[in-house]
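J.: First, the structure itself, so that you have it in front of you.
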Amino acid sequence: MVQLHVKRGDESQFLFNTTTDAPLESLIQQVTAIYNGRLKVDRICSEIPELADHGVTLPPNMQGLTDEQIVELKLKDEWEERCIPSGGKIFRKDEIGRRNGHAPNDKMKEVLMRTVEEAKALISKKQVQANVCVTMEMVKEALDQLRGAVMIVYPMGLPPHDPIRMEFDDQEDLSGTQASLQVITEEECQFWWAGKEMQRGKKLQDYIGRNEKTKIVVKLQKKGQGAPAREPLVTDEQQKQMMLHYYKRQEELKKLDEADDDSYLDSEWSNRQALKRQFQGLTNIKWGPR
């Protein structure tokens with residue numbers, strides 16, 4: 001199997017296994033789905049701690065308002081009584097006024113936070129270092145784990161305006177957010193390898209040959225952004241190792257220079273004629289008047 005090391009810019013994303021005769025059109029579709037799926041998991045994982053601390057999201061027309069403003073405007077959260085966490089609720093006020101403050105108890109919070117860590121680990125960028133390839137099935141498994149944990153804590157479901165539910169329903173609105181800049185649609189995705197764009201309509205073997213044991217670095221780029229930066233000749237880790245090696249070498253040379261010091265030759269004990277002079281009574285002779 002050919003192993004693709006997928007990067008976005010200089011940052012590693014995941015490893016992906018394929019074959020040399022795979023059409024690039026299909027390959028781009030699969031890799032883009034995994035890339036965007038991992039982003040979805042990350043977005044949900046960033047929202048769940050807020051859910052665990054402050055409960056479900058308020059309706060859009062109530063977010064950011066003070067309690068006095070809500071009373072004055074006669075606004076009511078219709079989902080407040082429906083979305084009560086399992087095991088009871090604990091009031092933890094959301095200072096930014098985005099969530100209703102009816103948080104789950106500590107036991108249910110632990111369920112949510114533990115599942116977040118498990119889902120993150122499943123699609124983590126550290127899988128590259130472990131030489132583990134990420135598949136779409138792994139992404140779906142992470143999403144199912146998160147969905148299951150939310151259903152345990154909120155068996156009645158979340159409000160339709162809650163960003164976590166919107167992510168699960170594929171109805172998220174990312175317009176105007178930083179997250180929208182990270183997403184790459186299948187139509188605008190480009191593969192770059194060795195400073196060249198890998199054109200749709202061709203096969204992978206048209207670029208790398210038929211060796212199924214090939215490992216290459218593929219960079220994702222949005223259409224119109226031009227060629228990404230080339231890979232450095234040495235990685236950051238290799239550069240650190242080289243600097244460490246040079247430092248150790250300098251220390252060794254310094255010790256060798258100290259070992260070559262011949263100042264000891266001026267010492268009395270190093271005089272080869274000392275024993276002879278002693279027998280002849282020529283030691284401790286001083287010139288001049290006493």
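Ligands are numbered from 1 in the order shown, residues from 1 within each chain, and chains are lettered A, B, ... in the order they appear in the structure tokens.
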Stretch 90-100 of chain A: which residues within 12 Å, counting only C-alpha atoms, same-chain residues fewer than 6 positions away excluded, as JSON, numbers by chain?

T.: {"A": [47, 48, 49, 50, 51, 52, 53, 54, 55, 56, 57, 58, 59, 60, 61, 62, 63, 64, 65, 66, 67, 69, 70, 76, 77, 78, 79, 80, 81, 83, 84, 106, 107, 108, 109, 159, 161, 162, 163]}

J.: Write the residues you've just listed into a file as an mmCIF file, in the first residue's frame, and include N, CA and C atoms for each of them.

T.:
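This went into out_16.cif:
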data_model
loop_
_atom_site.group_PDB
_atom_site.id
_atom_site.type_symbol
_atom_site.label_atom_id
_atom_site.label_comp_id
_atom_site.auth_asym_id
_atom_site.auth_seq_id
_atom_site.Cartn_x
_atom_site.Cartn_y
_atom_site.Cartn_z
ATOM 1 N N GLU A 47 -16.844 22.308 22.013
ATOM 2 C CA GLU A 47 -18.128 22.778 22.541
ATOM 3 C C GLU A 47 -18.607 21.965 23.747
ATOM 4 N N ILE A 48 -18.276 20.683 23.791
ATOM 5 C CA ILE A 48 -18.789 19.822 24.858
ATOM 6 C C ILE A 48 -18.340 20.277 26.249
ATOM 7 N N PRO A 49 -17.088 20.735 26.468
ATOM 8 C CA PRO A 49 -16.750 21.263 27.796
ATOM 9 C C PRO A 49 -17.640 22.418 28.225
ATOM 10 N N GLU A 50 -18.055 23.259 27.276
ATOM 11 C CA GLU A 50 -18.980 24.345 27.596
ATOM 12 C C GLU A 50 -20.353 23.778 27.992
ATOM 13 N N LEU A 51 -20.781 22.734 27.291
ATOM 14 C CA LEU A 51 -22.039 22.065 27.636
ATOM 15 C C LEU A 51 -21.949 21.463 29.032
ATOM 16 N N ALA A 52 -20.808 20.855 29.350
ATOM 17 C CA ALA A 52 -20.625 20.225 30.659
ATOM 18 C C ALA A 52 -20.568 21.257 31.785
ATOM 19 N N ASP A 53 -20.084 22.447 31.488
ATOM 20 C CA ASP A 53 -19.937 23.478 32.525
ATOM 21 C C ASP A 53 -21.164 24.370 32.680
ATOM 22 N N HIS A 54 -21.881 24.634 31.585
ATOM 23 C CA HIS A 54 -22.937 25.648 31.638
ATOM 24 C C HIS A 54 -24.258 25.222 30.999
ATOM 25 N N GLY A 55 -24.403 23.957 30.621
ATOM 26 C CA GLY A 55 -25.671 23.506 30.058
ATOM 27 C C GLY A 55 -25.843 23.856 28.597
ATOM 28 N N VAL A 56 -27.097 23.741 28.132
ATOM 29 C CA VAL A 56 -27.387 23.897 26.705
ATOM 30 C C VAL A 56 -27.375 25.367 26.298
ATOM 31 N N THR A 57 -27.301 25.596 24.997
ATOM 32 C CA THR A 57 -27.244 26.951 24.457
ATOM 33 C C THR A 57 -28.611 27.627 24.527
ATOM 34 N N LEU A 58 -28.588 28.906 24.859
ATOM 35 C CA LEU A 58 -29.813 29.704 24.855
ATOM 36 C C LEU A 58 -30.260 29.967 23.413
ATOM 37 N N PRO A 59 -31.549 30.269 23.210
ATOM 38 C CA PRO A 59 -31.987 30.672 21.863
ATOM 39 C C PRO A 59 -31.199 31.896 21.391
ATOM 40 N N PRO A 60 -30.982 32.041 20.097
ATOM 41 C CA PRO A 60 -30.170 33.155 19.590
ATOM 42 C C PRO A 60 -30.636 34.531 20.060
ATOM 43 N N ASN A 61 -31.972 34.727 20.245
ATOM 44 C CA ASN A 61 -32.465 36.045 20.641
ATOM 45 C C ASN A 61 -32.254 36.346 22.133
ATOM 46 N N MET A 62 -31.747 35.350 22.899
ATOM 47 C CA MET A 62 -31.519 35.561 24.329
ATOM 48 C C MET A 62 -30.027 35.573 24.681
ATOM 49 N N GLN A 63 -29.201 35.233 23.736
ATOM 50 C CA GLN A 63 -27.767 35.142 24.019
ATOM 51 C C GLN A 63 -27.161 36.529 24.219
ATOM 52 N N GLY A 64 -26.343 36.646 25.257
ATOM 53 C CA GLY A 64 -25.657 37.904 25.544
ATOM 54 C C GLY A 64 -26.468 38.904 26.334
ATOM 55 N N LEU A 65 -27.726 38.597 26.653
ATOM 56 C CA LEU A 65 -28.582 39.516 27.410
ATOM 57 C C LEU A 65 -28.454 39.241 28.907
ATOM 58 N N THR A 66 -28.622 40.283 29.704
ATOM 59 C CA THR A 66 -28.641 40.120 31.157
ATOM 60 C C THR A 66 -30.012 39.602 31.590
ATOM 61 N N ASP A 67 -30.093 39.126 32.824
ATOM 62 C CA ASP A 67 -31.373 38.627 33.350
ATOM 63 C C ASP A 67 -32.431 39.719 33.324
ATOM 64 N N GLN A 69 -32.640 42.280 31.239
ATOM 65 C CA GLN A 69 -33.065 42.513 29.856
ATOM 66 C C GLN A 69 -34.014 41.416 29.378
ATOM 67 N N ILE A 70 -33.749 40.170 29.781
ATOM 68 C CA ILE A 70 -34.621 39.056 29.393
ATOM 69 C C ILE A 70 -36.013 39.243 29.996
ATOM 70 N N LYS A 76 -38.537 33.995 26.803
ATOM 71 C CA LYS A 76 -38.574 32.728 27.534
ATOM 72 C C LYS A 76 -37.887 31.641 26.714
ATOM 73 N N ASP A 77 -37.076 30.851 27.413
ATOM 74 C CA ASP A 77 -36.396 29.726 26.776
ATOM 75 C C ASP A 77 -37.309 28.508 26.837
ATOM 76 N N GLU A 78 -37.916 28.151 25.702
ATOM 77 C CA GLU A 78 -38.863 27.035 25.672
ATOM 78 C C GLU A 78 -38.185 25.687 25.905
ATOM 79 N N TRP A 79 -36.874 25.619 25.702
ATOM 80 C CA TRP A 79 -36.154 24.350 25.833
ATOM 81 C C TRP A 79 -35.568 24.141 27.225
ATOM 82 N N GLU A 80 -35.704 25.132 28.088
ATOM 83 C CA GLU A 80 -35.092 25.039 29.416
ATOM 84 C C GLU A 80 -35.643 23.871 30.222
ATOM 85 N N GLU A 81 -36.963 23.681 30.198
ATOM 86 C CA GLU A 81 -37.580 22.597 30.971
ATOM 87 C C GLU A 81 -37.485 21.255 30.255
ATOM 88 N N CYS A 83 -34.797 20.227 28.289
ATOM 89 C CA CYS A 83 -33.416 19.740 28.253
ATOM 90 C C CYS A 83 -32.799 19.761 29.651
ATOM 91 N N ILE A 84 -33.248 18.839 30.479
ATOM 92 C CA ILE A 84 -32.707 18.696 31.831
ATOM 93 C C ILE A 84 -31.765 17.496 31.836
ATOM 94 N N ASP A 106 -21.589 16.284 38.446
ATOM 95 C CA ASP A 106 -20.181 15.942 38.230
ATOM 96 C C ASP A 106 -20.014 14.580 37.564
ATOM 97 N N LYS A 107 -20.890 13.625 37.888
ATOM 98 C CA LYS A 107 -20.780 12.291 37.297
ATOM 99 C C LYS A 107 -21.045 12.337 35.799
ATOM 100 N N MET A 108 -22.081 13.053 35.393
ATOM 101 C CA MET A 108 -22.398 13.181 33.972
ATOM 102 C C MET A 108 -21.352 14.026 33.245
ATOM 103 N N LYS A 109 -20.811 15.022 33.954
ATOM 104 C CA LYS A 109 -19.747 15.837 33.358
ATOM 105 C C LYS A 109 -18.531 14.970 33.058
ATOM 106 N N PRO A 159 -31.377 21.271 22.107
ATOM 107 C CA PRO A 159 -32.186 22.199 21.293
ATOM 108 C C PRO A 159 -31.671 22.264 19.861
ATOM 109 N N HIS A 161 -31.025 24.695 18.072
ATOM 110 C CA HIS A 161 -30.084 25.799 17.849
ATOM 111 C C HIS A 161 -28.747 25.572 18.545
ATOM 112 N N ASP A 162 -28.617 24.464 19.295
ATOM 113 C CA ASP A 162 -27.351 24.195 19.969
ATOM 114 C C ASP A 162 -26.303 23.787 18.925
ATOM 115 N N PRO A 163 -25.105 24.384 18.962
ATOM 116 C CA PRO A 163 -24.094 24.080 17.935
ATOM 117 C C PRO A 163 -23.688 22.612 17.893
#

J.: At a cut-off of 9 Å, using only C-alpha atoms, what residues contact A:Lys215? Leave out same-chain residues fewer than 4 positions from it and give the result as JSON, numbers by chain.

T.: {"A": [1, 2, 3, 4, 5]}

J.: Please, could you write that set of residues out with N, CA, C and O atoms as a compact mmCIF listing (two decimals), in the first residue's frame?

T.:
# COMPACT_ATOMS: atom_id res chain seq x y z
N MET A 1 0.83 -1.20 0.00
CA MET A 1 0.00 0.00 0.00
C MET A 1 0.87 1.26 0.00
O MET A 1 1.89 1.32 0.68
N VAL A 2 0.44 2.24 -0.76
CA VAL A 2 1.11 3.54 -0.76
C VAL A 2 0.61 4.32 0.46
O VAL A 2 -0.59 4.37 0.74
N GLN A 3 1.54 4.93 1.20
CA GLN A 3 1.17 5.70 2.38
C GLN A 3 1.31 7.19 2.09
O GLN A 3 2.38 7.66 1.73
N LEU A 4 0.20 7.91 2.24
CA LEU A 4 0.21 9.36 2.06
C LEU A 4 0.30 10.02 3.42
O LEU A 4 -0.50 9.74 4.32
N HIS A 5 1.29 10.88 3.58
CA HIS A 5 1.39 11.71 4.79
C HIS A 5 0.73 13.05 4.44
O HIS A 5 1.32 13.89 3.76

J.: Using only C-alpha atoms, can you tell me which of A:Ile208, A:Leu220, A:Met138, A:Val111 comes closest to A:Ser124?

T.: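 With only C-alpha atoms as the atom set, the closest residue is A:Met138.
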
J.: Write out as a PDB file with N, CA, C and O atoms, in the first residue's frame which residues come within 9 Å of A:Gly37 when counting only C-alpha atoms, dropping same-chain ones fewer than 4 positions away.

T.:
ATOM      1  N   THR A  32     -10.367  14.449   1.573  1.00  0.00           N
ATOM      2  CA  THR A  32     -11.098  15.646   1.988  1.00  0.00           C
ATOM      3  C   THR A  32     -12.164  15.303   3.023  1.00  0.00           C
ATOM      4  O   THR A  32     -12.365  16.043   3.996  1.00  0.00           O
ATOM      5  N   ALA A  33     -12.852  14.176   2.837  1.00  0.00           N
ATOM      6  CA  ALA A  33     -13.890  13.755   3.787  1.00  0.00           C
ATOM      7  C   ALA A  33     -13.280  13.503   5.168  1.00  0.00           C
ATOM      8  O   ALA A  33     -13.848  13.899   6.199  1.00  0.00           O
ATOM      9  N   VAL A  41     -15.069  16.806  14.371  1.00  0.00           N
ATOM     10  CA  VAL A  41     -14.837  16.214  15.694  1.00  0.00           C
ATOM     11  C   VAL A  41     -14.188  17.234  16.629  1.00  0.00           C
ATOM     12  O   VAL A  41     -14.584  17.369  17.794  1.00  0.00           O
ATOM     13  N   ASP A  42     -13.204  17.973  16.121  1.00  0.00           N
ATOM     14  CA  ASP A  42     -12.528  18.989  16.936  1.00  0.00           C
ATOM     15  C   ASP A  42     -13.495  20.083  17.373  1.00  0.00           C
ATOM     16  O   ASP A  42     -13.430  20.554  18.524  1.00  0.00           O
ATOM     17  N   MET A 136     -12.031   6.886   7.386  1.00  0.00           N
ATOM     18  CA  MET A 136     -13.324   7.519   7.593  1.00  0.00           C
ATOM     19  C   MET A 136     -14.110   6.769   8.662  1.00  0.00           C
ATOM     20  O   MET A 136     -14.916   7.377   9.377  1.00  0.00           O
ATOM     21  N   VAL A 139     -13.188   8.227  11.967  1.00  0.00           N
ATOM     22  CA  VAL A 139     -13.847   9.517  12.170  1.00  0.00           C
ATOM     23  C   VAL A 139     -15.305   9.312  12.586  1.00  0.00           C
ATOM     24  O   VAL A 139     -15.796   9.954  13.525  1.00  0.00           O
ATOM     25  N   LYS A 140     -15.994   8.401  11.896  1.00  0.00           N
ATOM     26  CA  LYS A 140     -17.393   8.117  12.244  1.00  0.00           C
ATOM     27  C   LYS A 140     -17.504   7.528  13.645  1.00  0.00           C
ATOM     28  O   LYS A 140     -18.447   7.827  14.381  1.00  0.00           O
ATOM     29  N   LEU A 143     -17.297  10.358  16.100  1.00  0.00           N
ATOM     30  CA  LEU A 143     -18.569  11.090  16.133  1.00  0.00           C
ATOM     31  C   LEU A 143     -19.642  10.295  16.879  1.00  0.00           C
ATOM     32  O   LEU A 143     -20.422  10.867  17.653  1.00  0.00           O
TER      33      LEU A 143
END

J.: Could you check which of A:Lys219, A:His102, A:Arg38, A:Arg272 is closest to A:Met198, using only C-alpha atoms?

T.: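 Distance minimum relative to A:Met198 lands on A:Lys219.
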
J.: Using only C-alpha atoms, find the one residue out of A:Arg249, A:Ser46, A:Gln273, A:Phe191 that sits nearest to A:Glu117.

T.: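 For A:Glu117, the nearest of the given residues is A:Ser46.
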
J.: Could you please write out, as a compact mmCIF listing (two decimals) with C-alpha atoms, in the first residue's frame, every residue of stretch 57-269 of chain A that DSSP assigns to helix (DSSP H, G or I)?

T.:
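Okay, this is what ended up in selection-v4.txt:
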# COMPACT_ATOMS: atom_id res chain seq x y z
CA ASP A 67 -31.37 38.63 33.35
CA GLU A 68 -32.99 42.07 33.63
CA GLN A 69 -33.07 42.51 29.86
CA ILE A 70 -34.62 39.06 29.39
CA VAL A 71 -37.37 39.91 31.91
CA GLU A 72 -37.91 43.35 30.38
CA ASP A 106 -20.18 15.94 38.23
CA LYS A 107 -20.78 12.29 37.30
CA MET A 108 -22.40 13.18 33.97
CA LYS A 109 -19.75 15.84 33.36
CA GLU A 110 -17.10 13.14 33.76
CA VAL A 111 -18.87 11.02 31.11
CA LEU A 112 -18.73 13.92 28.65
CA MET A 113 -15.12 14.88 29.33
CA ARG A 114 -13.83 11.30 29.21
CA THR A 115 -15.53 10.73 25.86
CA VAL A 116 -14.02 13.94 24.49
CA GLU A 117 -10.53 12.69 25.33
CA GLU A 118 -11.21 9.30 23.73
CA ALA A 119 -12.58 10.88 20.55
CA LYS A 120 -9.63 13.26 20.28
CA ALA A 121 -7.14 10.43 20.71
CA LEU A 122 -8.82 8.41 17.97
CA LYS A 126 -0.16 12.05 17.13
CA GLN A 127 -1.34 9.05 15.12
CA VAL A 128 1.20 10.18 12.50
CA GLN A 129 4.06 9.63 14.96
CA MET A 136 -13.32 7.52 7.59
CA GLU A 137 -14.56 4.69 9.82
CA MET A 138 -12.40 6.04 12.66
CA VAL A 139 -13.85 9.52 12.17
CA LYS A 140 -17.39 8.12 12.24
CA GLU A 141 -16.54 6.12 15.37
CA ALA A 142 -15.34 9.30 17.11
CA LEU A 143 -18.57 11.09 16.13
CA ASP A 144 -20.67 8.14 17.36
CA GLN A 145 -18.83 8.17 20.69
CA LEU A 146 -19.55 11.86 21.15
CA ARG A 147 -23.17 11.48 20.06
CA GLY A 148 -23.64 8.59 22.49
CA ALA A 149 -22.18 10.52 25.42
CA VAL A 150 -24.45 13.50 24.75
CA MET A 151 -27.48 11.17 24.55
CA ILE A 152 -26.54 9.62 27.92
CA VAL A 153 -26.47 13.04 29.59
CA PRO A 163 -24.09 24.08 17.94
CA ILE A 164 -23.41 20.49 19.05
CA ARG A 165 -26.73 19.25 17.69
CA MET A 166 -26.25 21.30 14.54
CA GLU A 167 -22.88 19.59 14.02
CA PHE A 168 -24.43 16.14 14.50
CA GLN A 178 -12.22 31.06 11.92
CA ALA A 179 -13.37 27.44 11.53
CA SER A 180 -14.77 28.21 8.08
CA LEU A 181 -11.26 29.09 6.85
CA GLN A 182 -10.00 25.63 7.80
CA GLN A 205 0.89 6.09 -10.47
CA ASP A 206 1.20 8.79 -13.15
CA TYR A 207 3.21 10.79 -10.60
CA ILE A 208 4.93 8.31 -8.28
CA ASP A 236 12.60 20.36 13.36
CA GLU A 237 13.40 17.21 15.31
CA GLN A 238 16.39 16.41 13.10
CA GLN A 239 17.66 19.98 13.46
CA LYS A 240 17.42 19.70 17.26
CA GLN A 241 19.37 16.44 17.18
CA MET A 242 22.06 17.99 14.97
CA MET A 243 22.43 21.00 17.28
CA LEU A 244 22.63 18.68 20.29
CA HIS A 245 25.32 16.63 18.52
CA TYR A 246 27.37 19.74 17.70
CA TYR A 247 27.09 21.00 21.28
CA LYS A 248 28.28 17.65 22.68
CA ARG A 249 31.16 17.64 20.18
CA GLN A 250 32.24 21.11 21.28
CA GLU A 251 32.21 20.02 24.92
CA GLU A 252 34.34 16.97 24.07
CA LEU A 253 36.88 19.12 22.20
CA LYS A 254 37.02 21.53 25.13
CA LYS A 255 37.83 18.67 27.51
CA LEU A 256 40.52 17.40 25.12
CA ASP A 257 42.11 20.86 25.04
CA GLU A 258 42.22 20.89 28.82
CA ALA A 259 43.75 17.40 28.82
CA SER A 263 51.87 23.30 32.51
CA TYR A 264 52.49 20.37 34.83
CA LEU A 265 55.99 20.06 33.31
CA ASP A 266 57.09 23.00 35.48
CA GLU A 268 59.05 19.60 40.85
CA TRP A 269 57.64 16.09 40.72

J.: Report, in Å with one decimal, the straight-line distance from atom CA of A:Pro85 to atom CA of A:Gly101.

T.: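 Straight-line distance from atom CA of A:Pro85 to atom CA of A:Gly101 works out to 11.6 Å.
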
J.: Just checking: using only C-alpha atoms, which residue out of A:Lys125, A:Leu204, A:Met156, A:Gln199 ends up closest to A:Ser12?

T.: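 Nearest to A:Ser12: A:Lys125.
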
J.: Would you pick out the contacts of A:Lys222 at 7 Å or less, using only C-alpha atoms, so that residues sharing its chain but fewer than 3 positions from it are not included, and give the list as number ranges by chain?

T.: A: 184, 188-190, 225

J.: Measure the distance from atom CA of A:Pro23 to atom CA of A:Ala229 in Å and round it to one decimal.

T.: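 It comes out at 24.8 Å.
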
J.: Of the residues A:Gly195, A:Gln13, A:Arg200, A:Arg82, which is the one nearest to A:Leu158, using only C-alpha atoms?

T.: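 Checking each of A:Gly195, A:Gln13, A:Arg200, A:Arg82 against A:Leu158, counting only C-alpha atoms, the winner is A:Arg82.
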
J.: One decimal, in Å: what's the spacing between atom CA of A:Trp192 and atom CA of A:Glu212?

T.: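 Computing the Euclidean distance for atom CA of A:Trp192 and atom CA of A:Glu212 yields 19.2 Å.
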
J.: Could you give me, as a PyMOL selection string, each residue of stretch 33-160 of chain A that DSSP assigns to strand (DSSP E) when run on this structure's backbone?

T.: chain A and resi 89-91+102-104

J.: Restricted to all heavy atoms, what would the selected residues look like written as an mmCIF file, in the first residue's frame?

T.:
data_model
loop_
_atom_site.group_PDB
_atom_site.id
_atom_site.type_symbol
_atom_site.label_atom_id
_atom_site.label_comp_id
_atom_site.auth_asym_id
_atom_site.auth_seq_id
_atom_site.Cartn_x
_atom_site.Cartn_y
_atom_site.Cartn_z
ATOM 1 N N LYS A 89 -29.690 18.759 37.667
ATOM 2 C CA LYS A 89 -28.887 19.872 37.154
ATOM 3 C C LYS A 89 -28.235 20.643 38.288
ATOM 4 O O LYS A 89 -28.714 20.644 39.427
ATOM 5 C CB LYS A 89 -29.763 20.809 36.316
ATOM 6 C CG LYS A 89 -30.950 21.397 37.083
ATOM 7 C CD LYS A 89 -31.871 22.172 36.169
ATOM 8 C CE LYS A 89 -33.074 22.717 36.959
ATOM 9 N NZ LYS A 89 -34.027 23.436 36.083
ATOM 10 N N ILE A 90 -27.120 21.274 37.964
ATOM 11 C CA ILE A 90 -26.403 22.153 38.889
ATOM 12 C C ILE A 90 -26.275 23.513 38.203
ATOM 13 O O ILE A 90 -25.882 23.590 37.043
ATOM 14 C CB ILE A 90 -24.994 21.601 39.210
ATOM 15 C CG1 ILE A 90 -25.101 20.223 39.865
ATOM 16 C CG2 ILE A 90 -24.235 22.557 40.110
ATOM 17 C CD1 ILE A 90 -23.762 19.559 40.072
ATOM 18 N N PHE A 91 -26.624 24.570 38.916
ATOM 19 C CA PHE A 91 -26.581 25.885 38.279
ATOM 20 C C PHE A 91 -25.165 26.440 38.297
ATOM 21 O O PHE A 91 -24.550 26.607 39.355
ATOM 22 C CB PHE A 91 -27.514 26.870 38.973
ATOM 23 C CG PHE A 91 -27.596 28.204 38.270
ATOM 24 C CD1 PHE A 91 -28.314 28.332 37.091
ATOM 25 C CD2 PHE A 91 -26.929 29.316 38.768
ATOM 26 C CE1 PHE A 91 -28.384 29.549 36.418
ATOM 27 C CE2 PHE A 91 -26.990 30.529 38.109
ATOM 28 C CZ PHE A 91 -27.718 30.644 36.934
ATOM 29 N N HIS A 102 -27.717 25.636 33.403
ATOM 30 C CA HIS A 102 -28.194 24.407 34.043
ATOM 31 C C HIS A 102 -27.291 23.248 33.600
ATOM 32 O O HIS A 102 -27.598 22.499 32.674
ATOM 33 C CB HIS A 102 -29.654 24.145 33.668
ATOM 34 C CG HIS A 102 -30.575 25.246 34.108
ATOM 35 N ND1 HIS A 102 -30.613 25.705 35.405
ATOM 36 C CD2 HIS A 102 -31.489 25.988 33.423
ATOM 37 C CE1 HIS A 102 -31.513 26.669 35.510
ATOM 38 N NE2 HIS A 102 -32.050 26.873 34.313
ATOM 39 N N ALA A 103 -26.197 23.104 34.315
ATOM 40 C CA ALA A 103 -25.167 22.135 33.940
ATOM 41 C C ALA A 103 -25.457 20.755 34.521
ATOM 42 O O ALA A 103 -26.145 20.629 35.540
ATOM 43 C CB ALA A 103 -23.806 22.623 34.432
ATOM 44 N N PRO A 104 -24.955 19.692 33.898
ATOM 45 C CA PRO A 104 -25.099 18.346 34.466
ATOM 46 C C PRO A 104 -24.259 18.194 35.727
ATOM 47 O O PRO A 104 -23.336 18.983 35.972
ATOM 48 C CB PRO A 104 -24.595 17.433 33.334
ATOM 49 C CG PRO A 104 -23.721 18.303 32.503
ATOM 50 C CD PRO A 104 -24.272 19.677 32.594
#
